[in-house]
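*Asks:* This is the content of work.cif (mmCIF, C-alpha atoms):
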```
data_data
#
loop_
_atom_site.group_PDB
_atom_site.id
_atom_site.type_symbol
_atom_site.label_atom_id
_atom_site.label_comp_id
_atom_site.auth_asym_id
_atom_site.auth_seq_id
_atom_site.Cartn_x
_atom_site.Cartn_y
_atom_site.Cartn_z
ATOM 1 C CA MET A 288 4.423 -7.269 -28.160
ATOM 2 C CA ARG A 289 2.699 -9.701 -25.833
ATOM 3 C CA GLN A 290 -1.080 -9.659 -26.103
ATOM 4 C CA VAL A 291 -2.815 -8.908 -22.798
ATOM 5 C CA LYS A 292 -5.932 -10.970 -22.403
ATOM 6 C CA LYS A 293 -9.303 -9.472 -21.642
ATOM 7 C CA ARG A 294 -10.561 -10.012 -18.126
ATOM 8 C CA ASN A 295 -13.988 -11.032 -17.040
ATOM 9 C CA ILE A 296 -14.007 -10.259 -13.356
ATOM 10 C CA ARG A 297 -16.660 -11.583 -11.034
ATOM 11 C CA LEU A 298 -15.919 -11.488 -7.327
ATOM 12 C CA LYS A 299 -18.125 -11.953 -4.313
ATOM 13 C CA THR A 300 -17.659 -10.441 -0.882
ATOM 14 C CA ASP A 301 -19.938 -10.557 2.127
ATOM 15 C CA ARG A 302 -22.039 -7.663 0.912
ATOM 16 C CA PHE A 303 -21.105 -7.036 -2.697
ATOM 17 C CA VAL A 304 -20.658 -8.502 -6.127
ATOM 18 C CA ILE A 305 -17.872 -6.975 -8.207
ATOM 19 C CA ARG A 306 -17.953 -7.594 -11.921
ATOM 20 C CA THR A 307 -16.668 -6.322 -15.218
ATOM 21 C CA LEU A 308 -19.002 -3.678 -16.571
ATOM 22 C CA ARG A 309 -20.506 -4.260 -20.003
ATOM 23 C CA ASP A 310 -22.392 -1.799 -22.146
ATOM 24 C CA THR A 311 -25.548 -3.566 -21.030
ATOM 25 C CA HIS A 312 -24.930 -2.206 -17.507
ATOM 26 C CA ALA A 313 -25.457 1.342 -18.763
ATOM 27 C CA SER A 314 -28.242 2.963 -16.784
ATOM 28 C CA GLU A 315 -29.681 6.324 -15.887
ATOM 29 C CA VAL A 316 -28.198 5.827 -12.427
ATOM 30 C CA MET A 317 -24.694 5.625 -13.835
ATOM 31 C CA VAL A 318 -25.459 8.537 -16.164
ATOM 32 C CA SER A 319 -26.320 10.583 -13.085
ATOM 33 C CA TRP A 320 -23.031 9.700 -11.364
ATOM 34 C CA LEU A 321 -20.984 10.863 -14.344
ATOM 35 C CA ALA A 322 -22.908 14.148 -14.305
ATOM 36 C CA ASP A 323 -22.497 14.614 -10.540
ATOM 37 C CA ALA A 324 -20.019 17.420 -9.876
ATOM 38 C CA GLU A 325 -19.179 16.245 -6.340
ATOM 39 C CA LEU A 326 -18.497 12.660 -7.394
ATOM 40 C CA MET A 327 -16.482 13.617 -10.444
ATOM 41 C CA LYS A 328 -14.453 16.197 -8.541
ATOM 42 C CA ASN A 329 -13.087 13.414 -6.341
ATOM 43 C CA VAL A 330 -11.606 11.660 -9.373
ATOM 44 C CA ASN A 331 -10.809 14.907 -11.175
ATOM 45 C CA HIS A 332 -13.175 14.236 -14.037
ATOM 46 C CA LYS A 333 -15.285 16.906 -15.605
ATOM 47 C CA PRO A 334 -18.957 16.120 -14.944
ATOM 48 C CA ARG A 335 -20.709 15.290 -18.155
ATOM 49 C CA ARG A 336 -24.349 14.554 -18.906
ATOM 50 C CA MET A 337 -24.341 11.608 -21.272
ATOM 51 C CA SER A 338 -27.110 9.870 -23.109
ATOM 52 C CA LEU A 339 -27.459 6.144 -22.522
ATOM 53 C CA LEU A 340 -25.913 5.554 -25.918
ATOM 54 C CA GLN A 341 -22.932 7.710 -24.995
ATOM 55 C CA LEU A 342 -22.591 5.849 -21.706
ATOM 56 C CA ARG A 343 -22.594 2.523 -23.544
ATOM 57 C CA ARG A 344 -19.814 3.821 -25.772
ATOM 58 C CA TYR A 345 -17.940 5.089 -22.725
ATOM 59 C CA ILE A 346 -18.140 1.685 -21.049
ATOM 60 C CA SER A 347 -17.073 -0.017 -24.267
ATOM 61 C CA SER A 348 -14.048 2.280 -24.494
ATOM 62 C CA TYR A 349 -12.445 0.268 -21.678
ATOM 63 C CA ASP A 350 -10.582 -2.591 -23.288
ATOM 64 C CA GLN A 351 -10.964 -4.715 -20.100
ATOM 65 C CA ALA A 352 -7.425 -5.933 -20.614
ATOM 66 C CA THR A 353 -5.197 -3.086 -19.442
ATOM 67 C CA SER A 354 -7.982 -0.604 -18.834
ATOM 68 C CA LEU A 355 -10.635 -2.088 -16.582
ATOM 69 C CA LEU A 356 -14.066 -0.790 -15.666
ATOM 70 C CA VAL A 357 -15.549 -2.837 -12.860
ATOM 71 C CA GLY A 358 -18.931 -2.394 -11.227
ATOM 72 C CA VAL A 359 -19.820 -2.748 -7.559
ATOM 73 C CA PHE A 360 -23.272 -4.198 -6.892
ATOM 74 C CA ASP A 361 -25.099 -4.812 -3.646
ATOM 75 C CA ALA A 362 -25.178 -8.586 -3.354
ATOM 76 C CA ALA A 363 -28.610 -8.617 -1.725
ATOM 77 C CA SER A 364 -30.468 -6.147 -3.919
ATOM 78 C CA GLU A 365 -28.232 -6.294 -7.034
ATOM 79 C CA LYS A 366 -28.285 -2.507 -6.934
ATOM 80 C CA HIS A 367 -25.403 -0.864 -8.786
ATOM 81 C CA VAL A 368 -23.618 1.287 -6.195
ATOM 82 C CA GLY A 369 -20.317 2.266 -7.798
ATOM 83 C CA TYR A 370 -17.409 1.372 -10.007
ATOM 84 C CA TYR A 371 -13.654 1.066 -10.197
ATOM 85 C CA PHE A 372 -11.492 2.040 -13.122
ATOM 86 C CA ILE A 373 -8.127 0.381 -13.062
ATOM 87 C CA ASP A 374 -5.198 0.945 -15.394
ATOM 88 C CA ILE A 375 -2.694 -1.879 -15.706
ATOM 89 C CA ASN A 376 0.873 -1.458 -16.876
ATOM 90 C CA PRO A 377 1.763 -5.038 -17.841
ATOM 91 C CA THR A 378 5.392 -4.175 -18.523
ATOM 92 C CA GLN A 379 5.874 -2.840 -15.008
ATOM 93 C CA ARG A 380 3.375 -5.295 -13.477
ATOM 94 C CA ARG A 381 1.667 -2.374 -11.816
ATOM 95 C CA ALA A 382 -1.943 -1.227 -11.590
ATOM 96 C CA THR A 383 -3.487 2.101 -10.661
ATOM 97 C CA PHE A 384 -6.790 2.073 -8.795
ATOM 98 C CA ASN A 385 -9.587 4.626 -8.868
ATOM 99 C CA VAL A 386 -13.031 4.256 -7.377
ATOM 100 C CA VAL A 387 -16.367 6.041 -7.424
ATOM 101 C CA ILE A 388 -19.075 4.988 -4.986
ATOM 102 C CA GLY A 389 -21.951 6.757 -6.644
ATOM 103 C CA ASP A 390 -24.703 5.738 -4.261
ATOM 104 C CA ARG A 391 -24.279 7.918 -1.177
ATOM 105 C CA ASP A 392 -26.169 5.396 0.959
ATOM 106 C CA TYR A 393 -22.996 3.305 0.761
ATOM 107 C CA TRP A 394 -20.599 6.025 1.948
ATOM 108 C CA GLY A 395 -19.035 5.585 5.377
ATOM 109 C CA LYS A 396 -19.917 1.890 5.404
ATOM 110 C CA ARG A 397 -16.555 0.400 4.463
ATOM 111 C CA THR A 398 -17.770 -0.299 0.944
ATOM 112 C CA VAL A 399 -14.406 0.603 -0.564
ATOM 113 C CA LEU A 400 -12.419 -1.361 2.027
ATOM 114 C CA GLU A 401 -14.460 -4.499 1.424
ATOM 115 C CA THR A 402 -14.603 -4.341 -2.359
ATOM 116 C CA ARG A 403 -11.075 -3.125 -2.969
ATOM 117 C CA ALA A 404 -9.680 -5.930 -0.805
ATOM 118 C CA ALA A 405 -11.331 -8.400 -3.156
ATOM 119 C CA LEU A 406 -9.981 -6.609 -6.213
ATOM 120 C CA MET A 407 -6.504 -6.452 -4.694
ATOM 121 C CA ASP A 408 -6.590 -10.193 -4.113
ATOM 122 C CA TYR A 409 -7.693 -10.690 -7.694
ATOM 123 C CA MET A 410 -5.043 -8.394 -9.152
ATOM 124 C CA PHE A 411 -2.227 -10.009 -7.195
ATOM 125 C CA GLN A 412 -3.395 -13.561 -7.792
ATOM 126 C CA HIS A 413 -4.674 -13.384 -11.353
ATOM 127 C CA GLY A 414 -3.654 -10.019 -12.744
ATOM 128 C CA ALA A 415 0.097 -10.554 -13.057
ATOM 129 C CA VAL A 416 0.542 -7.413 -10.959
ATOM 130 C CA GLU A 417 3.066 -6.861 -8.177
ATOM 131 C CA LYS A 418 2.359 -3.293 -7.154
ATOM 132 C CA LEU A 419 -0.812 -1.247 -6.805
ATOM 133 C CA ILE A 420 -0.962 2.526 -6.848
ATOM 134 C CA GLY A 421 -3.651 4.872 -5.584
ATOM 135 C CA GLY A 422 -3.592 8.607 -6.028
ATOM 136 C CA PRO A 423 -6.283 10.402 -4.054
ATOM 137 C CA LEU A 424 -6.538 14.137 -4.439
ATOM 138 C CA ALA A 425 -5.410 15.976 -1.322
ATOM 139 C CA ARG A 426 -8.878 17.180 -0.311
ATOM 140 C CA ASN A 427 -10.547 13.824 -0.871
ATOM 141 C CA PHE A 428 -10.384 12.920 2.813
ATOM 142 C CA PRO A 429 -12.568 9.781 2.656
ATOM 143 C CA ALA A 430 -10.280 8.338 -0.006
ATOM 144 C CA VAL A 431 -7.189 9.166 2.030
ATOM 145 C CA PHE A 432 -8.808 7.425 4.988
ATOM 146 C CA ASN A 433 -9.529 4.316 2.934
ATOM 147 C CA TYR A 434 -5.926 3.967 1.788
ATOM 148 C CA LYS A 435 -4.576 4.459 5.311
ATOM 149 C CA ALA A 436 -7.124 2.144 6.901
ATOM 150 C CA GLN A 437 -6.325 -0.567 4.400
ATOM 151 C CA GLY A 438 -2.626 -0.409 5.107
ATOM 152 C CA TRP A 439 -1.411 1.192 1.877
ATOM 153 C CA LYS A 440 1.910 2.972 2.274
ATOM 154 C CA LEU A 441 2.239 6.657 1.574
ATOM 155 C CA GLU A 442 4.868 7.142 -1.106
ATOM 156 C CA GLY A 443 4.552 10.800 -1.835
ATOM 157 C CA LEU A 444 2.932 14.151 -1.356
ATOM 158 C CA MET A 445 2.814 15.714 -4.780
ATOM 159 C CA LYS A 446 2.187 19.442 -4.734
ATOM 160 C CA SER A 447 0.208 20.948 -7.614
ATOM 161 C CA HIS A 448 0.500 17.606 -9.357
ATOM 162 C CA VAL A 449 -2.598 17.573 -11.529
ATOM 163 C CA LEU A 450 -4.531 20.176 -13.408
ATOM 164 C CA SER A 451 -8.113 20.362 -12.217
ATOM 165 C CA ALA A 452 -10.751 19.023 -14.577
ATOM 166 C CA SER A 453 -11.971 22.573 -15.043
ATOM 167 C CA GLY A 454 -8.476 23.578 -16.084
ATOM 168 C CA THR A 455 -8.436 26.538 -13.731
ATOM 169 C CA ASP A 456 -6.037 25.428 -11.013
ATOM 170 C CA ARG A 457 -3.543 22.795 -10.006
ATOM 171 C CA ILE A 458 -4.330 20.244 -7.295
ATOM 172 C CA ASP A 459 -2.188 18.469 -4.710
ATOM 173 C CA GLN A 460 -2.240 14.686 -4.787
ATOM 174 C CA TYR A 461 -1.019 11.836 -2.595
ATOM 175 C CA GLN A 462 0.464 8.625 -3.873
ATOM 176 C CA PHE A 463 -0.234 5.461 -1.910
ATOM 177 C CA ALA A 464 1.035 2.029 -2.839
ATOM 178 C CA MET A 465 0.590 -1.591 -1.901
ATOM 179 C CA LEU A 466 3.140 -4.256 -2.772
ATOM 180 C CA LYS A 467 2.051 -7.845 -3.216
ATOM 181 C CA GLU A 468 4.230 -9.039 -0.340
ATOM 182 C CA ASP A 469 2.960 -6.294 1.973
ATOM 183 C CA TRP A 470 -0.636 -7.239 1.236
ATOM 184 C CA GLN A 471 0.150 -10.823 2.164
ATOM 185 C CA VAL A 472 1.615 -9.647 5.476
ATOM 186 C CA ILE A 473 -1.440 -7.523 6.211
ATOM 187 C CA LYS A 474 -3.747 -10.402 5.425
ATOM 188 C CA SER A 475 -1.778 -12.967 7.360
ATOM 189 C CA ALA A 476 -1.625 -10.617 10.350
ATOM 190 C CA GLY A 477 -5.361 -11.046 10.534
ATOM 191 C CA MET A 478 -6.146 -7.378 10.192
ATOM 192 C CA GLN A 479 -9.464 -8.345 8.667
ATOM 193 C CA GLN A 480 -10.647 -9.371 12.103
ATOM 194 C CA ASN A 481 -10.319 -5.991 13.749
ATOM 195 C CA GLY A 482 -12.350 -4.110 11.257
ATOM 196 C CA LEU A 483 -9.450 -2.768 9.250
ATOM 197 C CA ILE A 484 -10.238 -4.895 6.284
ATOM 198 C CA ASP A 485 -13.396 -6.793 5.735
ATOM 199 C CA LYS A 486 -13.344 -10.505 5.148
ATOM 200 C CA GLU A 487 -11.401 -11.886 2.283
ATOM 201 C CA ALA A 488 -13.373 -12.177 -0.876
ATOM 202 C CA THR A 489 -13.616 -15.267 -2.957
ATOM 203 C CA ALA A 490 -13.233 -15.167 -6.664
ATOM 204 C CA MET B 188 -9.326 24.238 26.930
ATOM 205 C CA SER B 189 -6.094 22.283 26.506
ATOM 206 C CA ASN B 190 -5.079 20.715 23.202
ATOM 207 C CA ALA B 191 -5.732 17.291 24.721
ATOM 208 C CA GLU B 192 -9.237 18.254 25.729
ATOM 209 C CA LYS B 193 -9.958 19.908 22.394
ATOM 210 C CA ALA B 194 -8.614 16.890 20.504
ATOM 211 C CA ARG B 195 -10.871 14.560 22.447
ATOM 212 C CA GLU B 196 -13.869 16.814 21.868
ATOM 213 C CA LEU B 197 -13.261 17.066 18.126
ATOM 214 C CA LEU B 198 -12.600 13.360 17.659
ATOM 215 C CA ALA B 199 -15.610 12.351 19.749
ATOM 216 C CA GLY B 200 -17.782 14.687 17.695
ATOM 217 C CA ALA B 201 -16.501 13.281 14.413
ATOM 218 C CA LEU B 202 -16.939 9.685 15.550
ATOM 219 C CA LYS B 203 -20.287 10.470 17.203
ATOM 220 C CA LEU B 204 -19.087 8.873 20.430
ATOM 221 C CA PRO B 205 -19.289 10.107 24.026
ATOM 222 C CA GLU B 206 -16.027 11.836 24.953
ATOM 223 C CA GLN B 207 -15.344 9.310 27.705
ATOM 224 C CA GLU B 208 -15.201 6.559 25.059
ATOM 225 C CA VAL B 209 -12.396 8.317 23.180
ATOM 226 C CA ASP B 210 -8.932 7.555 24.517
ATOM 227 C CA GLY B 211 -5.446 6.497 23.509
ATOM 228 C CA SER B 212 -6.752 3.325 21.916
ATOM 229 C CA THR B 213 -8.988 5.263 19.516
ATOM 230 C CA MET B 214 -7.411 4.990 16.095
ATOM 231 C CA ILE B 215 -7.937 4.247 12.439
ATOM 232 C CA GLY B 216 -8.189 0.542 11.803
ATOM 233 C CA VAL B 217 -9.190 -0.224 15.385
ATOM 234 C CA THR B 218 -12.157 1.970 16.167
ATOM 235 C CA GLN B 219 -15.152 0.815 14.166
ATOM 236 C CA GLN B 220 -16.783 4.248 14.224
ATOM 237 C CA TRP B 221 -13.738 5.801 12.563
ATOM 238 C CA ASP B 222 -14.888 5.355 8.981
ATOM 239 C CA SER B 223 -14.323 7.454 5.877
ATOM 240 C CA LEU B 224 -17.099 9.930 6.621
ATOM 241 C CA ALA B 225 -16.026 10.277 10.265
ATOM 242 C CA HIS B 226 -12.524 10.994 9.015
ATOM 243 C CA MET B 227 -13.834 13.728 6.737
ATOM 244 C CA ARG B 228 -15.840 15.217 9.608
ATOM 245 C CA LEU B 229 -12.723 15.195 11.776
ATOM 246 C CA ILE B 230 -10.508 16.985 9.252
ATOM 247 C CA LEU B 231 -13.157 19.600 8.550
ATOM 248 C CA ALA B 232 -13.752 20.128 12.295
ATOM 249 C CA LEU B 233 -10.026 20.539 12.866
ATOM 250 C CA GLU B 234 -9.800 23.078 10.071
ATOM 251 C CA GLU B 235 -12.763 24.971 11.462
ATOM 252 C CA ALA B 236 -11.229 24.997 14.937
ATOM 253 C CA LEU B 237 -7.910 26.220 13.586
ATOM 254 C CA GLY B 238 -9.395 28.647 11.094
ATOM 255 C CA SER B 239 -7.271 27.382 8.230
ATOM 256 C CA GLU B 240 -6.801 24.400 5.948
ATOM 257 C CA LEU B 241 -4.497 21.670 7.150
ATOM 258 C CA GLY B 242 -1.433 20.895 5.086
ATOM 259 C CA MET B 243 -1.032 17.624 3.230
ATOM 260 C CA GLU B 244 1.469 16.308 5.760
ATOM 261 C CA ALA B 245 -0.840 17.024 8.681
ATOM 262 C CA VAL B 246 -3.892 15.462 7.026
ATOM 263 C CA VAL B 247 -2.187 12.226 6.138
ATOM 264 C CA ASN B 248 -0.608 11.820 9.574
ATOM 265 C CA ILE B 249 -3.856 11.827 11.528
ATOM 266 C CA ALA B 250 -4.692 8.300 12.646
ATOM 267 C CA SER B 251 -5.190 8.496 16.415
ATOM 268 C CA LEU B 252 -6.277 10.746 19.259
ATOM 269 C CA SER B 253 -2.685 11.728 19.959
ATOM 270 C CA ASP B 254 -2.253 12.677 16.288
ATOM 271 C CA VAL B 255 -5.222 15.038 16.587
ATOM 272 C CA GLU B 256 -3.650 16.613 19.659
ATOM 273 C CA THR B 257 -0.303 16.936 17.868
ATOM 274 C CA THR B 258 -1.999 18.560 14.890
ATOM 275 C CA LEU B 259 -3.603 21.142 17.158
ATOM 276 C CA ALA B 260 -0.342 21.819 18.944
ATOM 277 C CA ASN B 261 1.662 22.160 15.739
ATOM 278 C CA ALA B 262 -0.890 24.420 14.122
ATOM 279 C CA LYS B 263 -0.875 26.732 17.111
ATOM 280 C CA GLY B 264 2.893 26.814 16.969
#
```
Any chance you could give the structure as structure tokens?
*Replies:*
Amino acid sequence: MRQVKKRNIRLKTDRFVIRTLRDTHASEVMVSWLADAELMKNVNHKPRRMSLLQLRRYISSYDQATSLLVGVFDAASEKHVGYYFIDINPTQRRATFNVVIGDRDYWGKRTVLETRAALMDYMFQHGAVEKLIGGPLARNFPAVFNYKAQGWKLEGLMKSHVLSASGTDRIDQYQFAMLKEDWQVIKSAGMQQNGLIDKEATA
Amino acid sequence: MSNAEKARELLAGALKLPEQEVDGSTMIGVTQQWDSLAHMRLILALEEALGSELGMEAVVNIASLSDVETTLANAKG
């Protein structure tokens, strides 16, 4: 089987730096996000209070080859504001995106649109990926907005698709997708200029 | 209040804009104030106005003022 190389991502946008998380990025701030019921509900993870050591192990559990954990940092203050976890299927040349913006000061400020655009560019240009998938839970309205606003196409409405993290009920989920060629069309149409997508990031 | 008037009121409230600034050109991807939190406020306001949760199809189809009006009309049957 072909070996998938580890990635060391470092991207810069107007307002953010996006980089591969290392165990040295473990912090009490990130510990608090993983224990935050509201944040974890949006990605259907059970909130869990970790020690810093456990968080370091958690970060290290991502192989950074097909399972990426990528931090979002404020470029001006270097403050850690969130993270992406991305699963890559190299056989299918497909990646699944998930995001947590842990710092609520960055909600409603197009943080996801700006940072995900940079990651999408990276994945299509350097990640050997041709299709991206996003699966927001049905009641995660901000996430649904972000996929629509960024031009992702709705592929499905999946009723009772996932078991809740608590294991008590089943949850509806959307599937959005972006093909490499569609992303090029969106970018070339200049949709960044009208506020739909923030400026292109540079790797 | 007509569905059109109610739609404008709800969308203006969610976007925190005066009602007279909300019109047919107000839509996701165009209107700067229509961000992720405004979108959440809009869906929750719609559900409160209708007294029930919106279905998945309705939620994902809302991207403009006319979509809000259509959602109100459809929900009222």
*Asks:* For chain B, work out the contacting residues on chain A at 10 Å, counting all atoms listed in the file, and write them as an MDAnalysis selection string.
*Replies:* chainID A and resid 394:400 425:438 441 443:446 459:461 478:484
*Asks:* May I have the residues from that selection written out with C-alpha atoms, as a tab-separated table (two decimals), in the frame of the given file?
*Replies:*
```tsv
chain	number	residue	atom	x	y	z
A	394	TRP	CA	-20.60	6.02	1.95
A	395	GLY	CA	-19.04	5.58	5.38
A	396	LYS	CA	-19.92	1.89	5.40
A	397	ARG	CA	-16.56	0.40	4.46
A	398	THR	CA	-17.77	-0.30	0.94
A	399	VAL	CA	-14.41	0.60	-0.56
A	400	LEU	CA	-12.42	-1.36	2.03
A	425	ALA	CA	-5.41	15.98	-1.32
A	426	ARG	CA	-8.88	17.18	-0.31
A	427	ASN	CA	-10.55	13.82	-0.87
A	428	PHE	CA	-10.38	12.92	2.81
A	429	PRO	CA	-12.57	9.78	2.66
A	430	ALA	CA	-10.28	8.34	-0.01
A	431	VAL	CA	-7.19	9.17	2.03
A	432	PHE	CA	-8.81	7.42	4.99
A	433	ASN	CA	-9.53	4.32	2.93
A	434	TYR	CA	-5.93	3.97	1.79
A	435	LYS	CA	-4.58	4.46	5.31
A	436	ALA	CA	-7.12	2.14	6.90
A	437	GLN	CA	-6.32	-0.57	4.40
A	438	GLY	CA	-2.63	-0.41	5.11
A	441	LEU	CA	2.24	6.66	1.57
A	443	GLY	CA	4.55	10.80	-1.84
A	444	LEU	CA	2.93	14.15	-1.36
A	445	MET	CA	2.81	15.71	-4.78
A	446	LYS	CA	2.19	19.44	-4.73
A	459	ASP	CA	-2.19	18.47	-4.71
A	460	GLN	CA	-2.24	14.69	-4.79
A	461	TYR	CA	-1.02	11.84	-2.60
A	478	MET	CA	-6.15	-7.38	10.19
A	479	GLN	CA	-9.46	-8.35	8.67
A	480	GLN	CA	-10.65	-9.37	12.10
A	481	ASN	CA	-10.32	-5.99	13.75
A	482	GLY	CA	-12.35	-4.11	11.26
A	483	LEU	CA	-9.45	-2.77	9.25
A	484	ILE	CA	-10.24	-4.89	6.28
```
*Asks:* Rounded to one decimal, what separation in Å do you get between atom CA of Met317 of chain A and atom CA of Met465 of chain A?
*Replies:* 28.9 Å
*Asks:* Expand the PyMOL selection byres ((chain B and resi 194-207) around 8) into the explicit residue set it covers here, and present it as a list in words.
*Replies:*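 Evaluating the PyMOL selection byres ((chain B and resi 194-207) around 8) on this file yields Asn190, Ala191, Glu192, Lys193, Glu208, Val209, Asp210, Gln220, Trp221, Ala225, His226, Arg228, Leu229, Ala232, Leu233, Leu252, Ser253, Val255, Glu256 and Leu259 of chain B.
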*Asks:* Using all atoms listed in the file, can you tell me which of B:Glu234, B:Thr257, B:Lys263, B:Ser251 comes closest to Thr213 of chain B?
*Replies:* B:Ser251
*Asks:* Using Å and a single decimal, report how far atom CA of Gln412 of chain A sits from atom CA of His312 of chain A.
*Replies:*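 Separating atom CA of His312 of chain A from atom CA of Gln412 of chain A is a distance of 26.2 Å.
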*Asks:* Write out as an mmCIF file with C-alpha atoms, in the coordinates of the input each polymer residue whose atoms come within 12 Å of Leu340 of chain A, counting all atoms listed in the file; drop sequence neighbours fewer than 5 positions from it.
*Replies:*
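Written file, around_18.cif:
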```
data_model
loop_
_atom_site.group_PDB
_atom_site.id
_atom_site.type_symbol
_atom_site.label_atom_id
_atom_site.label_comp_id
_atom_site.auth_asym_id
_atom_site.auth_seq_id
_atom_site.Cartn_x
_atom_site.Cartn_y
_atom_site.Cartn_z
ATOM 1 C CA ASP A 310 -22.392 -1.799 -22.146
ATOM 2 C CA THR A 311 -25.548 -3.566 -21.030
ATOM 3 C CA HIS A 312 -24.930 -2.206 -17.507
ATOM 4 C CA ALA A 313 -25.457 1.342 -18.763
ATOM 5 C CA SER A 314 -28.242 2.963 -16.784
ATOM 6 C CA GLU A 315 -29.681 6.324 -15.887
ATOM 7 C CA VAL A 318 -25.459 8.537 -16.164
ATOM 8 C CA TYR A 345 -17.940 5.089 -22.725
ATOM 9 C CA ILE A 346 -18.140 1.685 -21.049
ATOM 10 C CA SER A 347 -17.073 -0.017 -24.267
#
```
*Asks:* Would you work out the distance separating atom CA of Thr300 of chain A from atom CA of Pro377 of chain A, expressed in Å to one decimal?
*Replies:*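 It comes out at 26.3 Å.
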*Asks:* Restricted to C-alpha atoms, what does segment 417-475 of chain A look like when written out as an mmCIF file, in the first residue's frame?
*Replies:*
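Contents of the output file decode-v6.cif:
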```cif
data_model
loop_
_atom_site.group_PDB
_atom_site.id
_atom_site.type_symbol
_atom_site.label_atom_id
_atom_site.label_comp_id
_atom_site.auth_asym_id
_atom_site.auth_seq_id
_atom_site.Cartn_x
_atom_site.Cartn_y
_atom_site.Cartn_z
ATOM 1 C CA GLU A 417 -10.610 16.039 -5.613
ATOM 2 C CA LYS A 418 -13.701 16.178 -3.443
ATOM 3 C CA LEU A 419 -14.438 17.641 -0.026
ATOM 4 C CA ILE A 420 -17.298 16.585 2.203
ATOM 5 C CA GLY A 421 -18.918 18.392 5.108
ATOM 6 C CA GLY A 422 -21.601 16.919 7.295
ATOM 7 C CA PRO A 423 -23.175 19.435 9.651
ATOM 8 C CA LEU A 424 -25.786 18.186 12.056
ATOM 9 C CA ALA A 425 -29.260 19.407 11.156
ATOM 10 C CA ARG A 426 -29.602 21.796 14.102
ATOM 11 C CA ASN A 427 -26.146 23.296 13.688
ATOM 12 C CA PHE A 428 -27.477 26.307 11.796
ATOM 13 C CA PRO A 429 -24.238 28.344 11.754
ATOM 14 C CA ALA A 430 -22.436 25.422 10.134
ATOM 15 C CA VAL A 431 -25.187 24.997 7.558
ATOM 16 C CA PHE A 432 -24.893 28.703 6.797
ATOM 17 C CA ASN A 433 -21.137 28.443 6.317
ATOM 18 C CA TYR A 434 -21.431 25.623 3.792
ATOM 19 C CA LYS A 435 -24.149 27.427 1.834
ATOM 20 C CA ALA A 436 -22.369 30.775 1.927
ATOM 21 C CA GLN A 437 -19.181 29.193 0.672
ATOM 22 C CA GLY A 438 -20.896 27.596 -2.280
ATOM 23 C CA TRP A 439 -20.803 23.950 -1.198
ATOM 24 C CA LYS A 440 -23.488 21.854 -2.855
ATOM 25 C CA LEU A 441 -26.083 20.045 -0.812
ATOM 26 C CA GLU A 442 -25.881 16.350 -1.609
ATOM 27 C CA GLY A 443 -28.228 14.894 0.916
ATOM 28 C CA LEU A 444 -30.558 15.195 3.843
ATOM 29 C CA MET A 445 -29.894 12.166 5.979
ATOM 30 C CA LYS A 446 -32.610 11.460 8.512
ATOM 31 C CA SER A 447 -31.584 9.921 11.837
ATOM 32 C CA HIS A 448 -28.146 9.394 10.355
ATOM 33 C CA VAL A 449 -25.938 9.485 13.425
ATOM 34 C CA LEU A 450 -26.317 8.368 16.982
ATOM 35 C CA SER A 451 -25.927 11.258 19.385
ATOM 36 C CA ALA A 452 -22.754 11.328 21.446
ATOM 37 C CA SER A 453 -24.862 10.617 24.505
ATOM 38 C CA GLY A 454 -26.230 7.541 22.779
ATOM 39 C CA THR A 455 -29.806 8.461 23.589
ATOM 40 C CA ASP A 456 -31.192 9.522 20.222
ATOM 41 C CA ARG A 457 -30.504 9.659 16.525
ATOM 42 C CA ILE A 458 -29.721 12.942 14.768
ATOM 43 C CA ASP A 459 -30.433 14.242 11.271
ATOM 44 C CA GLN A 460 -27.435 15.323 9.231
ATOM 45 C CA TYR A 461 -26.799 17.158 5.967
ATOM 46 C CA GLN A 462 -24.103 16.276 3.498
ATOM 47 C CA PHE A 463 -22.471 19.113 1.590
ATOM 48 C CA ALA A 464 -19.721 18.688 -0.962
ATOM 49 C CA MET A 465 -17.266 20.725 -2.963
ATOM 50 C CA LEU A 466 -15.563 19.394 -6.076
ATOM 51 C CA LYS A 467 -12.179 20.723 -7.098
ATOM 52 C CA GLU A 468 -13.511 22.055 -10.398
ATOM 53 C CA ASP A 469 -16.470 23.749 -8.704
ATOM 54 C CA TRP A 470 -14.161 25.495 -6.258
ATOM 55 C CA GLN A 471 -12.133 26.818 -9.167
ATOM 56 C CA VAL A 472 -15.307 28.194 -10.758
ATOM 57 C CA ILE A 473 -16.350 29.865 -7.517
ATOM 58 C CA LYS A 474 -12.934 31.411 -7.105
ATOM 59 C CA SER A 475 -12.627 32.541 -10.687
#
```
